[in-house]
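One file, structure_0.cif, carrying mmCIF, C-alpha atoms:
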data_run
#
loop_
_atom_site.label_atom_id
_atom_site.label_comp_id
_atom_site.auth_asym_id
_atom_site.auth_seq_id
_atom_site.Cartn_x
_atom_site.Cartn_y
_atom_site.Cartn_z
CA MET Z 1 0.00 0.00 0.00
CA PRO Z 2 1.45 3.43 -0.94
CA ALA Z 3 2.59 5.56 1.95
CA ASP Z 4 0.16 8.42 1.23
CA ILE Z 5 -2.84 6.07 1.18
CA LYS Z 6 -1.64 4.40 4.36
CA SER Z 7 -1.31 7.76 6.08
CA ARG Z 8 -4.82 8.74 4.98
CA VAL Z 9 -6.28 5.49 6.29
CA ALA Z 10 -4.44 6.01 9.58
CA ALA Z 11 -5.82 9.55 9.83
CA TRP Z 12 -9.38 8.34 9.16
CA THR Z 13 -9.23 5.50 11.67
CA ARG Z 14 -7.31 7.32 14.41
CA PRO Z 15 -10.41 8.94 16.00
CA VAL Z 16 -11.86 5.44 16.48
CA LEU Z 17 -8.78 3.31 17.17
CA GLU Z 18 -6.85 5.98 19.10
CA PRO Z 19 -9.63 8.24 20.40
CA THR Z 20 -8.87 11.44 22.27
CA PRO Z 21 -11.35 13.11 24.64
CA VAL Z 22 -12.35 15.50 21.83
CA SER Z 23 -12.82 12.80 19.16
CA MET Z 24 -14.70 10.64 21.66
CA ARG Z 25 -17.06 13.52 22.38
CA ARG Z 26 -17.64 14.07 18.65
CA LEU Z 27 -18.41 10.41 18.04
CA ALA Z 28 -20.83 10.40 20.97
CA LEU Z 29 -22.54 13.49 19.53
CA ALA Z 30 -22.89 11.67 16.20
CA GLY Z 31 -24.70 8.91 18.09
CA VAL Z 32 -27.13 11.41 19.61
CA ILE Z 33 -27.85 12.95 16.21
CA ALA Z 34 -28.28 9.57 14.48
CA ASN Z 35 -30.73 8.28 17.09
CA THR Z 36 -32.70 11.53 16.98
CA VAL Z 37 -33.00 11.33 13.18
CA ILE Z 38 -34.14 7.70 13.22
CA MET Z 39 -36.83 8.49 15.80
CA SER Z 40 -38.04 11.50 13.86
CA THR Z 41 -38.21 9.63 10.54
CA GLY Z 42 -39.89 6.70 12.27
CA ALA Z 43 -42.62 9.07 13.43
CA ALA Z 44 -42.96 10.32 9.84
CA VAL Z 45 -43.53 6.72 8.70
CA ARG Z 46 -46.40 6.29 11.11
CA LEU Z 47 -48.01 9.70 10.69
CA SER Z 48 -47.95 9.55 6.88
CA ALA Z 49 -49.91 6.26 7.00
CA SER Z 50 -46.84 4.48 5.61
CA GLY Z 51 -46.53 1.99 8.44
CA LEU Z 52 -47.38 -0.90 6.15
CA GLY Z 53 -45.74 0.50 3.04
CA CYS Z 54 -43.44 -2.52 3.30
CA PRO Z 55 -45.74 -5.25 4.63
CA ASP Z 56 -43.02 -7.87 5.12
CA TRP Z 57 -39.78 -8.20 7.10
CA PRO Z 58 -36.85 -8.03 6.51
CA GLN Z 59 -37.81 -7.72 2.83
CA CYS Z 60 -40.13 -4.94 1.75
CA SER Z 61 -42.62 -7.53 0.52
CA ALA Z 62 -42.74 -11.25 -0.06
CA ALA Z 63 -41.66 -10.72 -3.68
CA ASP Z 64 -39.30 -7.71 -3.44
CA VAL Z 65 -36.30 -6.89 -1.29
CA VAL Z 66 -36.42 -3.17 -2.09
CA ALA Z 67 -39.34 -0.78 -2.26
CA SER Z 68 -41.97 -1.57 -4.87
CA LYS Z 69 -45.66 -0.96 -5.44
CA ASN Z 70 -47.71 -3.03 -3.01
CA ALA Z 71 -51.44 -3.64 -2.91
CA GLY Z 72 -53.25 -0.99 -0.91
CA GLN Z 73 -50.18 1.26 -0.64
CA THR Z 74 -48.92 4.10 -2.79
CA LEU Z 75 -45.35 4.02 -4.04
CA LEU Z 76 -44.65 7.10 -1.90
CA ASN Z 77 -45.78 5.26 1.25
CA THR Z 78 -43.57 2.34 0.34
CA TRP Z 79 -40.51 4.52 -0.15
CA ILE Z 80 -41.13 6.42 3.09
CA GLU Z 81 -41.04 3.22 5.13
CA PHE Z 82 -38.23 1.67 3.09
CA GLY Z 83 -36.20 4.87 3.44
CA ASN Z 84 -36.56 4.69 7.21
CA ARG Z 85 -35.29 1.10 7.10
CA LEU Z 86 -32.28 2.18 5.03
CA LEU Z 87 -31.36 4.77 7.67
CA ASN Z 88 -30.65 1.92 10.05
CA PHE Z 89 -27.47 1.07 8.13
CA PRO Z 90 -25.62 4.34 8.88
CA LEU Z 91 -27.01 4.11 12.41
CA VAL Z 92 -25.44 0.65 12.78
CA VAL Z 93 -22.10 1.91 11.46
CA ILE Z 94 -22.08 4.87 13.84
CA ALA Z 95 -23.09 2.68 16.79
CA VAL Z 96 -20.33 0.14 16.10
CA LEU Z 97 -17.72 2.89 15.71
CA ILE Z 98 -18.82 4.41 19.02
CA PHE Z 99 -18.47 1.08 20.80
CA ILE Z 100 -15.00 0.44 19.34
CA ALA Z 101 -13.88 3.93 20.33
CA ALA Z 102 -15.29 3.57 23.86
CA TRP Z 103 -13.50 0.24 24.21
CA ARG Z 104 -10.15 1.67 23.15
CA PHE Z 105 -10.51 5.02 24.88
CA ARG Z 106 -8.08 5.72 27.72
CA PRO Z 107 -8.89 9.03 29.45
CA ASP Z 108 -5.61 9.07 31.37
CA GLY Z 109 -3.48 7.95 28.41
CA ALA Z 110 -2.51 4.63 30.03
CA ALA Z 111 -1.32 1.85 27.71
CA GLY Z 112 -1.88 -1.88 27.77
CA PRO Z 113 -4.95 -4.12 27.59
CA GLY Z 114 -7.58 -3.27 30.19
CA THR Z 115 -5.53 -0.34 31.53
CA GLY Z 116 -7.27 2.95 32.19
CA ARG Z 117 -10.50 1.93 30.48
CA ARG Z 118 -13.73 3.62 31.63
CA ARG Z 119 -16.27 0.85 32.13
CA ASP Z 120 -19.20 3.24 32.19
CA LEU Z 121 -18.26 4.55 28.75
CA VAL Z 122 -17.87 1.01 27.43
CA TRP Z 123 -21.32 0.00 28.66
CA LEU Z 124 -22.94 3.14 27.29
CA GLY Z 125 -21.15 2.58 23.98
CA ALA Z 126 -22.29 -1.06 23.87
CA ALA Z 127 -25.89 -0.05 24.54
CA GLN Z 128 -26.12 1.62 21.14
CA PRO Z 129 -25.33 -1.31 18.79
CA LEU Z 130 -27.27 -3.62 21.08
CA GLY Z 131 -30.18 -1.19 20.96
CA VAL Z 132 -30.09 -1.14 17.15
CA VAL Z 133 -30.28 -4.94 17.08
CA ALA Z 134 -33.17 -4.91 19.56
CA GLN Z 135 -34.95 -2.28 17.50
CA ALA Z 136 -34.57 -4.36 14.34
CA VAL Z 137 -36.24 -7.28 16.08
CA ILE Z 138 -39.02 -5.12 17.54
CA GLY Z 139 -39.48 -3.40 14.17
CA GLY Z 140 -40.02 -6.79 12.55
CA ILE Z 141 -42.60 -7.64 15.20
CA VAL Z 142 -44.35 -4.31 14.55
CA VAL Z 143 -44.65 -5.10 10.84
CA LEU Z 144 -45.64 -8.74 11.26
CA THR Z 145 -48.31 -7.84 13.84
CA LYS Z 146 -49.72 -5.25 11.41
CA LEU Z 147 -48.79 -2.27 13.58
CA SER Z 148 -50.05 -3.55 16.90
CA PRO Z 149 -50.27 -0.39 19.05
CA ALA Z 150 -48.51 -2.07 21.98
CA ALA Z 151 -45.60 -3.15 19.75
CA VAL Z 152 -45.38 0.34 18.24
CA SER Z 153 -45.30 1.89 21.73
CA VAL Z 154 -42.50 -0.45 22.82
CA HIS Z 155 -40.63 0.35 19.60
CA PHE Z 156 -40.69 4.09 20.36
CA LEU Z 157 -39.83 3.73 24.05
CA VAL Z 158 -36.86 1.45 23.36
CA SER Z 159 -35.63 4.08 20.89
CA ALA Z 160 -35.95 6.66 23.68
CA ALA Z 161 -33.89 4.42 25.99
CA VAL Z 162 -31.13 4.04 23.37
CA LEU Z 163 -31.15 7.81 22.86
CA ALA Z 164 -30.79 8.27 26.62
CA ALA Z 165 -27.67 6.09 26.58
CA ALA Z 166 -26.29 8.16 23.70
CA VAL Z 167 -26.92 11.42 25.56
CA ALA Z 168 -25.35 10.03 28.74
CA LEU Z 169 -22.26 8.97 26.80
CA HIS Z 170 -21.94 12.38 25.15
CA MET Z 171 -22.31 14.25 28.45
CA ARG Z 172 -19.67 12.11 30.17
CA CYS Z 173 -17.28 12.46 27.25
CA ALA Z 174 -17.86 16.21 27.23
CA GLN Z 175 -17.00 16.38 30.93
CA ILE Z 176 -13.77 14.46 30.31
CA ALA Z 177 -12.86 16.78 27.43
CA ASP Z 178 -13.61 19.84 29.55
CA THR Z 179 -10.40 20.55 31.43
CA SER Z 180 -12.29 22.74 33.89
CA GLY Z 181 -14.31 19.75 35.11
CA GLY Z 182 -13.43 17.73 38.16
CA SER Z 183 -14.45 15.00 40.55
CA GLY Z 184 -14.64 17.03 43.72
CA THR Z 185 -17.62 18.74 45.29
CA ALA Z 186 -21.13 19.02 43.90
CA THR Z 187 -21.90 22.35 42.25
CA VAL Z 188 -25.70 22.13 42.57
CA ARG Z 189 -27.72 21.60 45.74
CA ARG Z 190 -28.90 18.07 46.48
CA ASP Z 191 -32.59 18.99 46.53
CA LEU Z 192 -32.32 20.49 43.04
CA GLN Z 193 -30.62 17.32 41.82
CA LEU Z 194 -33.58 15.33 43.14
CA ILE Z 195 -36.01 17.59 41.28
CA ALA Z 196 -34.00 17.00 38.09
CA ALA Z 197 -34.26 13.24 38.65
CA ALA Z 198 -38.02 13.57 39.17
CA LEU Z 199 -38.15 15.56 35.94
CA VAL Z 200 -36.57 12.63 34.07
CA ALA Z 201 -39.07 10.18 35.60
CA VAL Z 202 -42.10 12.33 34.72
CA THR Z 203 -40.79 12.83 31.18
CA CYS Z 204 -40.60 9.04 30.80
CA VAL Z 205 -44.25 8.79 31.84
CA MET Z 206 -45.18 11.58 29.44
CA LEU Z 207 -43.44 9.83 26.52
CA ALA Z 208 -45.28 6.61 27.34
CA ALA Z 209 -48.60 8.46 27.54
CA GLY Z 210 -47.84 10.10 24.20
CA THR Z 211 -47.50 6.73 22.50
CA VAL Z 212 -50.91 5.76 23.89
CA VAL Z 213 -52.45 8.98 22.54
CA THR Z 214 -51.01 8.35 19.08
CA GLY Z 215 -52.03 4.69 19.20
CA THR Z 216 -55.57 5.71 20.10
CA GLY Z 217 -55.95 8.52 17.57
CA PRO Z 218 -56.54 8.48 13.82
CA LEU Z 219 -52.84 8.60 12.89
CA ALA Z 220 -51.84 5.15 14.10
CA GLY Z 221 -49.82 4.25 10.98
CA ASP Z 222 -52.45 3.01 8.53
CA ALA Z 223 -56.18 3.40 8.06
CA GLY Z 224 -57.00 -0.20 8.94
CA VAL Z 225 -54.60 -0.95 11.81
CA PRO Z 226 -55.83 -1.81 15.32
CA ARG Z 227 -55.84 0.91 17.96
CA TYR Z 228 -56.01 1.15 21.72
CA LYS Z 229 -59.66 0.85 22.71
CA LEU Z 230 -59.56 3.96 24.87
CA PRO Z 231 -61.40 7.29 24.72
CA LEU Z 232 -59.19 9.74 22.82
CA GLU Z 233 -60.33 12.70 24.95
CA GLY Z 234 -59.43 10.87 28.16
CA VAL Z 235 -55.92 9.81 27.17
CA THR Z 236 -55.27 13.25 25.67
CA GLN Z 237 -56.32 14.90 28.93
CA LEU Z 238 -54.05 12.57 30.90
CA HIS Z 239 -51.17 13.42 28.58
CA ALA Z 240 -51.85 17.14 29.07
CA ASP Z 241 -52.03 16.75 32.86
CA ILE Z 242 -48.64 15.06 32.89
CA GLY Z 243 -47.34 17.92 30.77
CA TRP Z 244 -48.55 20.46 33.33
CA LEU Z 245 -46.88 18.50 36.13
CA LEU Z 246 -43.70 18.53 34.07
CA ALA Z 247 -44.04 22.28 33.56
CA GLY Z 248 -44.41 22.85 37.31
CA LEU Z 249 -41.31 20.82 38.13
CA SER Z 250 -39.38 22.58 35.38
CA ILE Z 251 -40.26 26.07 36.60
CA ALA Z 252 -39.39 25.13 40.18
CA LEU Z 253 -36.05 23.68 39.10
CA VAL Z 254 -35.07 26.64 36.91
CA LEU Z 255 -35.98 29.13 39.64
CA GLY Z 256 -34.09 27.06 42.20
CA LEU Z 257 -30.99 26.97 40.01
CA ARG Z 258 -31.19 30.70 39.37
CA LEU Z 259 -31.74 31.73 42.99
CA SER Z 260 -29.27 29.28 44.54
CA GLY Z 261 -26.30 30.58 42.56
CA ALA Z 262 -25.86 27.38 40.55
CA PRO Z 263 -23.20 27.37 37.81
CA ARG Z 264 -24.11 29.29 34.66
CA ARG Z 265 -23.92 26.07 32.64
CA ALA Z 266 -26.66 24.46 34.74
CA VAL Z 267 -28.87 27.55 34.63
CA ARG Z 268 -28.51 27.75 30.85
CA ALA Z 269 -29.42 24.07 30.49
CA GLY Z 270 -32.50 24.73 32.62
CA TRP Z 271 -33.67 27.61 30.45
CA ILE Z 272 -33.14 25.56 27.27
CA MET Z 273 -35.19 22.71 28.71
CA LEU Z 274 -37.96 25.08 29.80
CA ALA Z 275 -38.07 26.75 26.37
CA ALA Z 276 -38.28 23.36 24.63
CA LEU Z 277 -41.07 22.25 26.96
CA GLY Z 278 -43.02 25.48 26.50
CA SER Z 279 -42.82 25.20 22.71
CA GLN Z 280 -43.93 21.60 22.94
CA GLY Z 281 -46.96 22.58 25.00
CA VAL Z 282 -48.01 25.24 22.50
CA ILE Z 283 -47.66 22.79 19.60
CA GLY Z 284 -49.56 20.10 21.51
CA TYR Z 285 -52.61 22.28 22.19
CA THR Z 286 -52.52 23.68 18.64
CA GLN Z 287 -52.54 20.23 17.06
CA TYR Z 288 -55.42 19.13 19.28
CA PHE Z 289 -57.66 22.12 18.50
CA THR Z 290 -56.85 21.91 14.77
CA HIS Z 291 -57.97 18.25 14.72
CA LEU Z 292 -54.54 16.58 14.54
CA PRO Z 293 -53.03 17.54 11.16
CA ALA Z 294 -50.35 14.96 10.37
CA GLY Z 295 -47.59 17.51 9.74
CA LEU Z 296 -48.11 19.26 13.07
CA VAL Z 297 -48.33 15.94 14.92
CA TRP Z 298 -44.96 15.00 13.39
CA VAL Z 299 -43.51 18.28 14.68
CA HIS Z 300 -44.95 17.45 18.12
CA VAL Z 301 -43.44 13.95 18.17
CA THR Z 302 -40.06 15.28 17.03
CA GLY Z 303 -40.34 17.98 19.68
CA SER Z 304 -40.90 15.33 22.35
CA VAL Z 305 -37.57 13.77 21.34
CA LEU Z 306 -35.85 17.16 21.69
CA VAL Z 307 -37.49 17.73 25.10
CA TRP Z 308 -36.22 14.30 26.18
CA ILE Z 309 -32.68 15.29 25.16
CA ALA Z 310 -32.96 18.65 26.96
CA VAL Z 311 -34.24 17.02 30.16
CA LEU Z 312 -31.44 14.44 30.12
CA ARG Z 313 -28.77 17.08 29.48
CA LEU Z 314 -30.08 19.12 32.41
CA PHE Z 315 -30.09 16.05 34.64
CA PHE Z 316 -26.46 15.24 33.88
CA THR Z 317 -25.41 18.89 34.09
CA VAL Z 318 -26.75 19.42 37.61
CA ARG Z 319 -24.95 16.27 38.73
CA GLU Z 320 -21.55 17.48 37.54
CA ARG Z 321 -18.93 17.93 40.21
CA GLY Z 322 -16.45 20.77 40.33
CA PRO Z 323 -12.79 20.65 41.31
CA VAL Z 324 -11.88 20.89 44.97
CA ASN Z 325 -10.20 24.17 45.85
CA THR Z 326 -6.91 23.17 47.44
CA ALA Z 327 -5.14 26.53 47.13
CA ARG Z 328 -3.36 27.71 50.26
CA THR Z 329 -4.66 30.96 51.62
CA GLY Z 330 -1.62 31.67 53.80
CA PRO Z 331 -1.14 31.45 57.55
CA ALA Z 332 -3.90 32.60 59.79
CA VAL Z 333 -3.27 35.89 61.49
CA ALA Z 334 -4.40 36.23 65.08
CA VAL Z 335 -6.57 39.23 65.71
CA PRO Z 336 -5.48 40.97 68.88
CA THR Z 337 -8.13 41.18 71.50
CA ARG Z 338 -8.86 44.46 73.12
CA GLN Z 339 -7.81 44.56 76.77
CA PRO Z 340 -10.37 45.98 79.15
CA GLU Z 341 -9.45 49.40 80.47
CA PRO Z 342 -8.88 49.59 84.22
CA LEU Z 343 -11.69 51.11 86.18
CA ASP Z 344 -11.02 54.53 87.71
CA ARG Z 345 -10.55 54.27 91.36
#
Let me see whether you can do it: turn the structure in this file into structure tokens.
Amino acid sequence: MPADIKSRVAAWTRPVLEPTPVSMRRLALAGVIANTVIMSTGAAVRLSASGLGCPDWPQCSAADVVASKNAGQTLLNTWIEFGNRLLNFPLVVIAVLIFIAAWRFRPDGAAGPGTGRRRDLVWLGAAQPLGVVAQAVIGGIVVLTKLSPAAVSVHFLVSAAVLAAAVALHMRCAQIADTSGGSGTATVRRDLQLIAAALVAVTCVMLAAGTVVTGTGPLAGDAGVPRYKLPLEGVTQLHADIGWLLAGLSIALVLGLRLSGAPRRAVRAGWIMLAALGSQGVIGYTQYFTHLPAGLVWVHVTGSVLVWIAVLRLFFTVRERGPVNTARTGPAVAVPTRQPEPLDR
């Protein structure tokens, strides 16, 4: 192999085989972006009534591997679903590269097998290719069960779990790459950290409720697919109530961060999360009162993914620990005490 080609190959593979904190952070960010895109396009498949555009698995149909005209489906529907399936290939590549990089990454620069490896990064890196495999299996079940609403809900929630692992990996890699970070004292009060954890839990419930709303409503993936046998008004109201609870926790947390003198980074993450949640609420009520137009519902589903990312980033930000201040302040100086004056005799 010519030397110039060999040097180019080495340069291309170095971020994966010899990752630095910066390259590791960039790869982790690529994982967040890839998982966000696959969730957004998956929502487009369902909301455009393309959920059975490819009625078979893993082929598009019993007679064709790639997209083709199928009975009861337009060619556009077929290509929308088949395009979403094709996006899994770059997602697999990115996920595998992330795992390899996490396995070989040594934050302290130590050499040798098993030396200096961060196990948490390895597990978070492994969760992404494993999640893609799990999603492929669940996706096949979704198709073969003709878009069973329970299977579709599980499909979305597993995607949210994989995205959470990607966000966690990116936040930890970003903290390693940030030379101002540390492993000393907490920078945010414990009670505010607990509110952030509650925010994550309530967001999980809201995402689950959202899948029930979509599985109950008219945009369940195809005109003839089964739906949850629940009143749409009731599940929508429950979803909205959870959203208001989330809003209350968010406002309390942002105010607490602002008034307690939390680091600017944490306060900024809180405002971003609150802005994303507020926009999501406006879109949610708009889509409901305009009778669920598919395009606006897609924006709402994509917005829920962005809210999930913002909530997770805030959670990990408030848990960051700052460096311990070990600087010497100099010897203590004794303050002379004032002697009592003698009483006049």
If we count only C-alpha atoms and set the cut-off at 12 Å, which residues sit around range 226-233 of chain Z, ignoring sequence neighbours fewer than 6 positions away in its own chain? Please answer as a list of chain:residue names. Z:Val142, Z:Thr145, Z:Lys146, Z:Leu147, Z:Ser148, Z:Pro149, Z:Ala150, Z:Ala151, Z:Val152, Z:Ser153, Z:Ala209, Z:Gly210, Z:Thr211, Z:Val212, Z:Val213, Z:Thr214, Z:Gly215, Z:Thr216, Z:Gly217, Z:Pro218, Z:Leu219, Z:Ala220, Z:His239, Z:Ala240, Z:Tyr288, Z:Phe289, Z:His291, Z:Leu292
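Look at range 270-275 of chain Z: the protein and nucleic acid residues within 7 Å of it, using all atoms listed in the file and passing over chain neighbours fewer than 6 places away, are Ser250, Val254, Val307, Ala310, Val311 and Leu314 of chain Z.
Note that the spacing between CA of Val158 in chain Z and CA of Pro19 in chain Z amounts to 28.2 Å.
Across the chains present, the PyMOL selection byres ((chain Z and resi 65) around 12) applied to this file returns Cys54, Pro55, Asp56, Trp57, Pro58, Gln59, Cys60, Ser61, Ala62, Ala63, Asp64, Val66, Ala67, Ser68, Lys69, Thr78, Phe82, Arg85 and Leu86 of chain Z.
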Could you check how far CA of Phe156 in chain Z sits from CA of Ser40 in chain Z, in Å to one decimal?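 Value for the CA of Phe156 in chain Z-CA of Ser40 in chain Z distance: 10.2 Å.
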Counting only C-alpha atoms, which of Z:Ala197, Z:Asp241, Z:Arg172, Z:Gly261 gets nearest to Phe315 in chain Z? Z:Ala197
Looking at only C-alpha atoms, which of Z:Leu47, Z:Val22, Z:Ile100, Z:Val37 is the one that sits closest to Asn84 in chain Z?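 Smallest distance to Asn84 in chain Z is found for Z:Val37.
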Quick one, how far is CA of Trp123 in chain Z from CA of Phe316 in chain Z?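 According to the coordinates, CA of Trp123 in chain Z and CA of Phe316 in chain Z are separated by 16.9 Å.
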Within 9 Å of Ile242 in chain Z using all atoms listed in the file, minus same-chain residues under 2 positions, as a ChimeraX atom specification: /Z:202-203,205-206,209,237-240,244-247
